[in-house]
Amino acid sequence: MMVMAAAAAFSPVLIGDAYAFKLFGITIFGKEEDEGEQVPDPVRYTVDLKADSADPDLKKALENSSRLVSDQKRPVSGDLGIVVKARDDRDRLIAALYEKARYGGVVTITIDGRNIDDLPPNPTFDRSAPIPVTVDIVPGPVFRVKEVQFGGDAASRNPADYDLAPGAEAGSLAIIKAGEKIVEQLKSEGRPFAKLTERKVVADHRNDTVDIVLAAEGGPVAPIGDVGVTGEKTVRPGFIQRYSRLNKGEAYSPEALKKAGERLRALGVFSSVTIHEGDALAPDGTLPMTIEVSEGKRRYFGVGAQYSTTDGFGVQGYWGHRNLFGEAETLRIEGSVSRLGETTDVGSLDYSAGILFTKPGAFFPAATLKAGIVAKTQNPDAYNATLVTASLGLSYELTDQDTVSASGEVSWERDDDAFGTNDYLTVALPLQYDRDARDDKLNPTEGYRATVSAKPGYEVFNATPYAAFEGSISGYLPFGAEDGVVLAGKVAAGTLVSSGGIENIPATQRFFAGGGGSVRGYAYQEISPYNDDGDATGGRSYVTGSLEARIKITDTIGIVPFIDVGTVADSTFPGFSDIRAGAGAGIRYATPFGPLRLDFAVPLNKYEDGTDYGIYAGIGQSF
């Protein structure tokens, strides 16, 4: 059995003899016609980069810095064009050597056997064949830090805090970053006009050492002043200022400005957001600011499709409005139909339709109001369910990493499952705390995320009070050269407490496991307790765990071996008597919006007549 799902926009491009295949507008393989080849008086060349005394990492860095190497398949314009490119390349290669603390390196470039420094102003070359270019690099020794002097408002600092301890490699990037860090630290003290006043590096070629001088001026301490808004059309400027959380009188910090910009961009109503700081302080000693925005399209729509060998085809569509009442309120109407082709019974298809409303900055700038009503049918192997759910809730950002949310939910559901056909009416109060300390939500490489939730509820028809408690934590540990391997792990658990039997709880609120979101290799919700007739009943508790090694092969391609385990029990606490495990490997392709994911997994202890393997596709890492 194969389980596979993906929704994407594919664009094949055919141009003459060249071709390309694009996914989400990104060329996956092949090539497109190079507009750069349409240059006047094209001249082709070959390049030989020699750096025999360089270690492999240094040689790779030099090759990556060389435009002669990266562009050698593209012609230049005229004989002078190749000379200009070579001279620019020499500067780039010397800068690359400085980045690696090689201040005594020598770069010699010859074109058709002649040194570029000896060429006349308008050279000519034999074009009967591609012109040979030779780049000869002698890297020289590694220079190390001898002494660091800090001056001005940067005085009395520890060089080791800036990776410039005596004896450390004195790479130019480390020196530049040290200066930027000093300025950033001064600005974080509320000094908006902090600047570097001196950065001097003196190399001693006899001892292969450098002396460094870094001096800075902090300037006055100034809080945030008046915050203006420009560029808005339909979004109220008062809302923009309030939601940015840049308030007059509060301490100035670059981090506050950065977060304000990110916060406004995340609303989805602006195509660009720029925060300009004033050039001078206001008479009251505060720093005025202006938030410049450019609004994007308010209305949007989209469609998608998916395919599964077990569930057939599915289609989805949605329409939305990003600024309903002038304060970035969003209204989204969505619908989907799946299992097309898998069944000829229209009533057995999976349907979903919903209306969702979101109001950011409700009551408080850090609060978001969400309301929605969703109707759907679900037909996994374990049950057939028809349900309508209405909800109203509020989430609040305690910090940049911590969010709490609470909502009220009313749901009617009709199930056809191991317990027959039953109707349920539930009232619930979902509560959740989320701490997200990951460095990237779609492709985390370090940090962690933890969630804890409680969902007390009451089933009206069976007069059954119940409560579900769940928690999960995932962590990420990078190691190896340039963090080329990330070890990722996740553990999740839940328990369901009720005064009556589990048949008094709707099927969609019981616990199941299996599929791309839990234990790969098994079908969706295949892991469950089963009754004597072999029907899945769902459980009262579960524990799942996943371990992945995310290994970078190139800048865009990675492989991910993984193992998932899980168990679902009909008791309040899992007994671990029936642990299911799945293992496999996946491939990742990096894109600007997150990695594309394709995983293949097999169950290590499959159910009788159960799933043989699963294939899962998506955007972003699995967790």
# chains A, B, ... in the order shown; residues from 1 in each chain; ligands from 1
>>> select_by_dssp(residues="segment 197-360 of chain A", states="helix (DSSP H, G or I)", output="list in words")
Pro237, Gly238, Phe239, Ile240, Gln241, Arg242, Tyr243, Ser244, Pro254, Glu255, Ala256, Leu257, Lys258, Lys259, Ala260, Gly261, Glu262, Arg263, Leu264, Arg265, Val346, Gly347 and Ser348 of chain A
>>> select_by_dssp(residues="segment 76-232 of chain A", states="strand (DSSP E)", output="short mmCIF file (atom, residue, chain, number, x, y, z; two decimals) with C-alpha atoms, in the first residue's frame")
data_model
loop_
_atom_site.label_atom_id
_atom_site.label_comp_id
_atom_site.auth_asym_id
_atom_site.auth_seq_id
_atom_site.Cartn_x
_atom_site.Cartn_y
_atom_site.Cartn_z
CA VAL A 76 32.07 38.21 -22.03
CA SER A 77 31.70 41.28 -24.21
CA VAL A 106 49.43 36.43 -3.91
CA VAL A 107 47.00 36.14 -6.85
CA THR A 108 48.45 36.18 -10.37
CA ILE A 109 46.15 36.07 -13.41
CA THR A 110 47.31 35.65 -16.99
CA ILE A 111 45.23 35.88 -20.15
CA ARG A 114 50.17 37.51 -20.47
CA ASN A 115 49.91 38.97 -16.97
CA ILE A 131 40.97 32.30 -24.73
CA PRO A 132 42.96 30.53 -21.96
CA VAL A 133 42.94 32.22 -18.54
CA THR A 134 45.16 31.01 -15.70
CA VAL A 135 44.60 31.99 -12.07
CA ASP A 136 47.63 31.13 -9.90
CA ILE A 137 47.12 31.53 -6.14
CA VAL A 138 49.78 31.27 -3.45
CA ARG A 144 46.85 35.22 13.98
CA VAL A 145 45.77 37.90 16.42
CA LYS A 146 48.59 39.45 18.44
CA GLU A 147 46.94 42.38 20.18
CA VAL A 148 43.48 44.02 20.18
CA GLN A 149 42.89 47.56 21.41
CA PHE A 150 39.37 48.85 22.08
CA GLY A 151 38.82 52.59 22.22
CA GLY A 152 36.13 55.16 22.94
CA LYS A 195 28.81 54.11 15.31
CA LEU A 196 32.27 52.68 14.75
CA THR A 197 34.87 55.48 14.67
CA GLU A 198 37.98 53.41 13.93
CA ARG A 199 38.80 50.00 12.57
CA LYS A 200 42.49 49.45 11.87
CA VAL A 201 44.36 46.24 11.08
CA VAL A 202 48.17 46.15 10.88
CA ALA A 203 49.77 42.93 9.60
CA ASP A 204 53.27 41.88 10.66
CA THR A 209 50.40 38.28 13.21
CA VAL A 210 48.02 41.25 13.15
CA ASP A 211 47.30 44.08 15.58
CA ILE A 212 43.73 45.32 15.64
CA VAL A 213 42.25 48.62 16.79
CA LEU A 214 38.46 49.03 17.20
CA ALA A 215 36.90 52.21 18.56
CA ALA A 216 33.27 53.30 18.80
CA GLU A 217 31.12 56.22 19.87
CA ILE A 224 11.35 55.92 21.08
CA GLY A 225 9.56 59.09 20.09
CA ASP A 226 6.55 59.78 17.89
CA VAL A 227 5.88 56.95 15.41
CA GLY A 228 4.34 58.00 12.10
CA VAL A 229 2.90 55.83 9.34
CA THR A 230 3.12 56.42 5.59
#
>>> residues_around(residues="segment 333-343 of chain A", least_positions_apart="6", cutoff="7 Å", atoms="only C-alpha atoms", output="NGL selection string")
:A and (311-320 or 349-356)
>>> residues_around(residues="segment 570-578 of chain A", least_positions_apart="2", cutoff="6 Å", atoms="only C-alpha atoms", output="list in words")
Thr495, Gly539, Arg540 and Ser541 of chain A
>>> write_last_selection(atoms="all heavy atoms", output="compact mmCIF listing (two decimals), in the first residue's frame")
# COMPACT_ATOMS: atom_id res chain seq x y z
N THR A 495 -3.44 11.69 27.09
CA THR A 495 -4.34 10.81 27.84
C THR A 495 -5.74 11.42 27.82
O THR A 495 -5.91 12.64 27.81
CB THR A 495 -3.85 10.63 29.29
OG1 THR A 495 -4.71 9.71 29.97
CG2 THR A 495 -3.84 11.94 30.04
N GLY A 539 -8.11 5.01 21.09
CA GLY A 539 -7.64 4.76 22.44
C GLY A 539 -7.79 5.94 23.36
O GLY A 539 -8.17 7.04 22.96
N ARG A 540 -7.46 5.67 24.65
CA ARG A 540 -7.50 6.71 25.67
C ARG A 540 -6.12 7.33 25.92
O ARG A 540 -6.02 8.34 26.61
CB ARG A 540 -8.01 6.12 26.99
CG ARG A 540 -9.48 5.73 26.99
CD ARG A 540 -9.86 5.16 28.36
NE ARG A 540 -11.27 4.81 28.44
CZ ARG A 540 -12.23 5.64 28.81
NH1 ARG A 540 -11.93 6.89 29.12
NH2 ARG A 540 -13.48 5.24 28.87
N SER A 541 -5.08 6.73 25.41
CA SER A 541 -3.74 7.26 25.65
C SER A 541 -2.82 6.89 24.50
O SER A 541 -3.08 5.93 23.77
CB SER A 541 -3.18 6.73 26.97
OG SER A 541 -3.07 5.31 26.93
>>> residues_around(residues="Leu394 of chain A", least_positions_apart="6", cutoff="9 Å", atoms="only C-alpha atoms", output="ChimeraX atom specification")
/A:362,367-371,404-407
>>> write_last_selection(atoms="all heavy atoms", output="PDB file, in the first residue's frame")
ATOM      1  N   ALA A 362      -6.762  42.138  18.750  1.00  0.00           N
ATOM      2  CA  ALA A 362      -8.075  42.254  19.378  1.00  0.00           C
ATOM      3  C   ALA A 362      -7.913  42.508  20.876  1.00  0.00           C
ATOM      4  O   ALA A 362      -7.235  41.741  21.564  1.00  0.00           O
ATOM      5  CB  ALA A 362      -8.877  40.968  19.151  1.00  0.00           C
ATOM      6  N   ALA A 367      -2.873  40.232  21.255  1.00  0.00           N
ATOM      7  CA  ALA A 367      -3.942  39.236  21.246  1.00  0.00           C
ATOM      8  C   ALA A 367      -4.517  39.072  19.839  1.00  0.00           C
ATOM      9  O   ALA A 367      -4.578  40.021  19.064  1.00  0.00           O
ATOM     10  CB  ALA A 367      -5.050  39.632  22.220  1.00  0.00           C
ATOM     11  N   THR A 368      -4.949  37.858  19.530  1.00  0.00           N
ATOM     12  CA  THR A 368      -5.574  37.557  18.239  1.00  0.00           C
ATOM     13  C   THR A 368      -6.867  36.787  18.486  1.00  0.00           C
ATOM     14  O   THR A 368      -6.872  35.764  19.173  1.00  0.00           O
ATOM     15  CB  THR A 368      -4.636  36.721  17.347  1.00  0.00           C
ATOM     16  OG1 THR A 368      -3.431  37.447  17.120  1.00  0.00           O
ATOM     17  CG2 THR A 368      -5.297  36.420  16.017  1.00  0.00           C
ATOM     18  N   LEU A 369      -7.955  37.308  17.927  1.00  0.00           N
ATOM     19  CA  LEU A 369      -9.261  36.657  18.035  1.00  0.00           C
ATOM     20  C   LEU A 369      -9.484  35.775  16.812  1.00  0.00           C
ATOM     21  O   LEU A 369      -9.237  36.200  15.680  1.00  0.00           O
ATOM     22  CB  LEU A 369     -10.363  37.703  18.121  1.00  0.00           C
ATOM     23  CG  LEU A 369     -11.808  37.195  18.185  1.00  0.00           C
ATOM     24  CD1 LEU A 369     -12.075  36.558  19.551  1.00  0.00           C
ATOM     25  CD2 LEU A 369     -12.797  38.330  17.914  1.00  0.00           C
ATOM     26  N   LYS A 370      -9.934  34.547  17.041  1.00  0.00           N
ATOM     27  CA  LYS A 370     -10.209  33.618  15.951  1.00  0.00           C
ATOM     28  C   LYS A 370     -11.598  33.022  16.122  1.00  0.00           C
ATOM     29  O   LYS A 370     -11.980  32.629  17.229  1.00  0.00           O
ATOM     30  CB  LYS A 370      -9.171  32.491  15.910  1.00  0.00           C
ATOM     31  CG  LYS A 370      -7.753  32.977  15.630  1.00  0.00           C
ATOM     32  CD  LYS A 370      -6.770  31.815  15.573  1.00  0.00           C
ATOM     33  CE  LYS A 370      -5.370  32.314  15.279  1.00  0.00           C
ATOM     34  NZ  LYS A 370      -4.373  31.205  15.203  1.00  0.00           N
ATOM     35  N   ALA A 371     -12.343  32.969  15.026  1.00  0.00           N
ATOM     36  CA  ALA A 371     -13.669  32.359  15.036  1.00  0.00           C
ATOM     37  C   ALA A 371     -13.841  31.564  13.755  1.00  0.00           C
ATOM     38  O   ALA A 371     -13.274  31.909  12.711  1.00  0.00           O
ATOM     39  CB  ALA A 371     -14.760  33.427  15.157  1.00  0.00           C
ATOM     40  N   VAL A 404      -0.146  31.695  24.726  1.00  0.00           N
ATOM     41  CA  VAL A 404      -1.215  30.946  25.372  1.00  0.00           C
ATOM     42  C   VAL A 404      -2.493  31.191  24.592  1.00  0.00           C
ATOM     43  O   VAL A 404      -2.677  32.249  23.977  1.00  0.00           O
ATOM     44  CB  VAL A 404      -1.402  31.352  26.849  1.00  0.00           C
ATOM     45  CG1 VAL A 404      -0.190  30.966  27.669  1.00  0.00           C
ATOM     46  CG2 VAL A 404      -1.675  32.843  26.965  1.00  0.00           C
ATOM     47  N   SER A 405      -3.375  30.209  24.597  1.00  0.00           N
ATOM     48  CA  SER A 405      -4.633  30.360  23.873  1.00  0.00           C
ATOM     49  C   SER A 405      -5.739  29.628  24.618  1.00  0.00           C
ATOM     50  O   SER A 405      -5.505  28.633  25.314  1.00  0.00           O
ATOM     51  CB  SER A 405      -4.513  29.814  22.446  1.00  0.00           C
ATOM     52  OG  SER A 405      -4.180  28.440  22.455  1.00  0.00           O
ATOM     53  N   ALA A 406      -6.947  30.147  24.455  1.00  0.00           N
ATOM     54  CA  ALA A 406      -8.142  29.533  25.030  1.00  0.00           C
ATOM     55  C   ALA A 406      -9.284  29.763  24.067  1.00  0.00           C
ATOM     56  O   ALA A 406      -9.362  30.799  23.404  1.00  0.00           O
ATOM     57  CB  ALA A 406      -8.459  30.126  26.403  1.00  0.00           C
ATOM     58  N   SER A 407     -10.179  28.789  23.986  1.00  0.00           N
ATOM     59  CA  SER A 407     -11.319  28.920  23.077  1.00  0.00           C
ATOM     60  C   SER A 407     -12.496  28.119  23.601  1.00  0.00           C
ATOM     61  O   SER A 407     -12.352  27.260  24.479  1.00  0.00           O
ATOM     62  CB  SER A 407     -10.941  28.450  21.660  1.00  0.00           C
ATOM     63  OG  SER A 407     -10.584  27.079  21.663  1.00  0.00           O
TER      64      SER A 407
END
>>> atom_distance(atom1="atom CA of Gly268 of chain A", atom2="atom CA of Gly302 of chain A")
15.3 Å
>>> decode(residues="segment 157-311 of chain A", atoms="C-alpha atoms", output="short mmCIF file (atom, residue, chain, number, x, y, z; two decimals), in the first residue's frame")
data_model
loop_
_atom_site.label_atom_id
_atom_site.label_comp_id
_atom_site.auth_asym_id
_atom_site.auth_seq_id
_atom_site.Cartn_x
_atom_site.Cartn_y
_atom_site.Cartn_z
CA ARG A 157 36.11 44.88 26.38
CA ASN A 158 37.34 41.30 26.23
CA PRO A 159 38.69 40.30 22.77
CA ALA A 160 37.61 36.70 23.37
CA ASP A 161 33.97 37.84 23.41
CA TYR A 162 34.41 38.84 19.78
CA ASP A 163 36.36 35.76 18.59
CA LEU A 164 39.55 37.85 18.59
CA ALA A 165 41.47 36.31 21.48
CA PRO A 166 45.28 36.42 21.09
CA GLY A 167 46.35 33.49 18.95
CA ALA A 168 43.01 33.18 17.15
CA GLU A 169 42.86 33.29 13.37
CA ALA A 170 42.55 36.91 12.30
CA GLY A 171 40.09 36.51 9.46
CA SER A 172 38.74 39.76 8.03
CA LEU A 173 35.14 38.70 8.52
CA ALA A 174 35.74 38.10 12.22
CA ILE A 175 37.17 41.63 12.53
CA ILE A 176 34.25 43.17 10.63
CA LYS A 177 31.72 41.22 12.70
CA ALA A 178 33.42 42.33 15.90
CA GLY A 179 32.94 45.97 14.92
CA GLU A 180 29.29 45.35 13.99
CA LYS A 181 28.71 43.54 17.29
CA ILE A 182 30.12 46.47 19.28
CA VAL A 183 27.79 48.91 17.51
CA GLU A 184 24.84 46.56 17.99
CA GLN A 185 25.61 46.26 21.71
CA LEU A 186 25.79 50.03 22.10
CA LYS A 187 22.49 50.46 20.25
CA SER A 188 20.88 47.81 22.46
CA GLU A 189 21.74 50.10 25.38
CA GLY A 190 19.32 52.62 23.87
CA ARG A 191 21.91 54.61 21.87
CA PRO A 192 20.42 54.91 18.35
CA PHE A 193 23.36 56.89 16.92
CA ALA A 194 26.14 54.51 17.96
CA LYS A 195 28.81 54.11 15.31
CA LEU A 196 32.27 52.68 14.75
CA THR A 197 34.87 55.48 14.67
CA GLU A 198 37.98 53.41 13.93
CA ARG A 199 38.80 50.00 12.57
CA LYS A 200 42.49 49.45 11.87
CA VAL A 201 44.36 46.24 11.08
CA VAL A 202 48.17 46.15 10.88
CA ALA A 203 49.77 42.93 9.60
CA ASP A 204 53.27 41.88 10.66
CA HIS A 205 54.54 39.71 7.81
CA ARG A 206 57.64 38.71 9.73
CA ASN A 207 55.68 37.03 12.50
CA ASP A 208 52.42 36.32 10.64
CA THR A 209 50.40 38.28 13.21
CA VAL A 210 48.02 41.25 13.15
CA ASP A 211 47.30 44.08 15.58
CA ILE A 212 43.73 45.32 15.64
CA VAL A 213 42.25 48.62 16.79
CA LEU A 214 38.46 49.03 17.20
CA ALA A 215 36.90 52.21 18.56
CA ALA A 216 33.27 53.30 18.80
CA GLU A 217 31.12 56.22 19.87
CA GLY A 218 27.84 55.44 21.60
CA GLY A 219 26.07 58.79 21.36
CA PRO A 220 23.12 59.82 23.56
CA VAL A 221 20.59 57.48 25.12
CA ALA A 222 17.19 58.18 23.53
CA PRO A 223 13.81 56.46 23.93
CA ILE A 224 11.35 55.92 21.08
CA GLY A 225 9.56 59.09 20.09
CA ASP A 226 6.55 59.78 17.89
CA VAL A 227 5.88 56.95 15.41
CA GLY A 228 4.34 58.00 12.10
CA VAL A 229 2.90 55.83 9.34
CA THR A 230 3.12 56.42 5.59
CA GLY A 231 2.06 54.48 2.50
CA GLU A 232 -1.15 53.05 3.97
CA LYS A 233 -4.33 53.08 1.88
CA THR A 234 -7.01 50.90 3.46
CA VAL A 235 -5.32 49.79 6.70
CA ARG A 236 -5.81 52.28 9.51
CA PRO A 237 -2.53 53.98 10.50
CA GLY A 238 -3.47 53.87 14.18
CA PHE A 239 -3.75 50.09 14.00
CA ILE A 240 -0.37 49.81 12.25
CA GLN A 241 1.35 51.83 14.97
CA ARG A 242 -0.42 49.99 17.78
CA TYR A 243 0.24 46.52 16.34
CA SER A 244 3.94 47.34 15.80
CA ARG A 245 4.22 47.82 19.59
CA LEU A 246 6.65 50.70 19.09
CA ASN A 247 5.38 53.00 21.82
CA LYS A 248 6.61 56.48 22.62
CA GLY A 249 8.78 56.58 25.71
CA GLU A 250 9.84 52.94 25.57
CA ALA A 251 13.52 52.04 25.31
CA TYR A 252 15.03 52.08 21.84
CA SER A 253 16.58 48.84 20.60
CA PRO A 254 17.39 47.41 17.16
CA GLU A 255 15.73 44.17 18.23
CA ALA A 256 12.44 45.97 18.93
CA LEU A 257 12.51 47.50 15.45
CA LYS A 258 13.31 44.17 13.83
CA LYS A 259 10.47 42.42 15.63
CA ALA A 260 8.05 45.23 14.79
CA GLY A 261 8.82 44.82 11.09
CA GLU A 262 8.46 41.04 11.27
CA ARG A 263 5.19 41.38 13.16
CA LEU A 264 3.67 43.70 10.55
CA ARG A 265 4.86 41.58 7.61
CA ALA A 266 3.31 38.48 9.20
CA LEU A 267 -0.14 40.10 8.92
CA GLY A 268 -0.07 39.36 5.19
CA VAL A 269 -1.61 42.69 4.17
CA PHE A 270 1.64 44.45 3.30
CA SER A 271 3.96 43.72 0.39
CA SER A 272 6.74 45.64 2.15
CA VAL A 273 7.41 47.19 5.55
CA THR A 274 10.32 49.56 6.30
CA ILE A 275 10.96 51.35 9.58
CA HIS A 276 12.92 54.59 9.22
CA GLU A 277 14.70 56.14 12.19
CA GLY A 278 14.98 59.89 12.48
CA ASP A 279 18.28 61.57 11.64
CA ALA A 280 18.15 63.68 14.79
CA LEU A 281 16.47 63.67 18.19
CA ALA A 282 13.25 65.57 18.76
CA PRO A 283 13.31 68.58 21.17
CA ASP A 284 12.10 66.30 23.98
CA GLY A 285 15.12 64.00 23.50
CA THR A 286 13.23 61.14 21.87
CA LEU A 287 13.93 59.48 18.51
CA PRO A 288 11.08 59.91 15.98
CA MET A 289 10.34 57.03 13.61
CA THR A 290 8.27 56.38 10.54
CA ILE A 291 6.75 53.06 9.51
CA GLU A 292 6.55 52.97 5.71
CA VAL A 293 4.26 50.30 4.30
CA SER A 294 3.09 49.21 0.89
CA GLU A 295 -0.20 47.33 0.82
CA GLY A 296 -0.62 44.15 -1.17
CA LYS A 297 -3.76 42.73 -2.74
CA ARG A 298 -6.60 42.42 -0.27
CA ARG A 299 -8.40 39.53 -1.96
CA TYR A 300 -6.83 36.23 -2.87
CA PHE A 301 -7.85 32.77 -3.96
CA GLY A 302 -6.18 29.48 -4.72
CA VAL A 303 -6.67 25.86 -5.66
CA GLY A 304 -4.71 22.70 -4.97
CA ALA A 305 -4.77 18.99 -5.64
CA GLN A 306 -3.48 15.82 -4.04
CA TYR A 307 -3.32 12.13 -4.84
CA SER A 308 -3.16 9.00 -2.75
CA THR A 309 -3.25 5.42 -3.98
CA THR A 310 -5.50 4.61 -1.03
CA ASP A 311 -7.74 7.68 -1.11
#
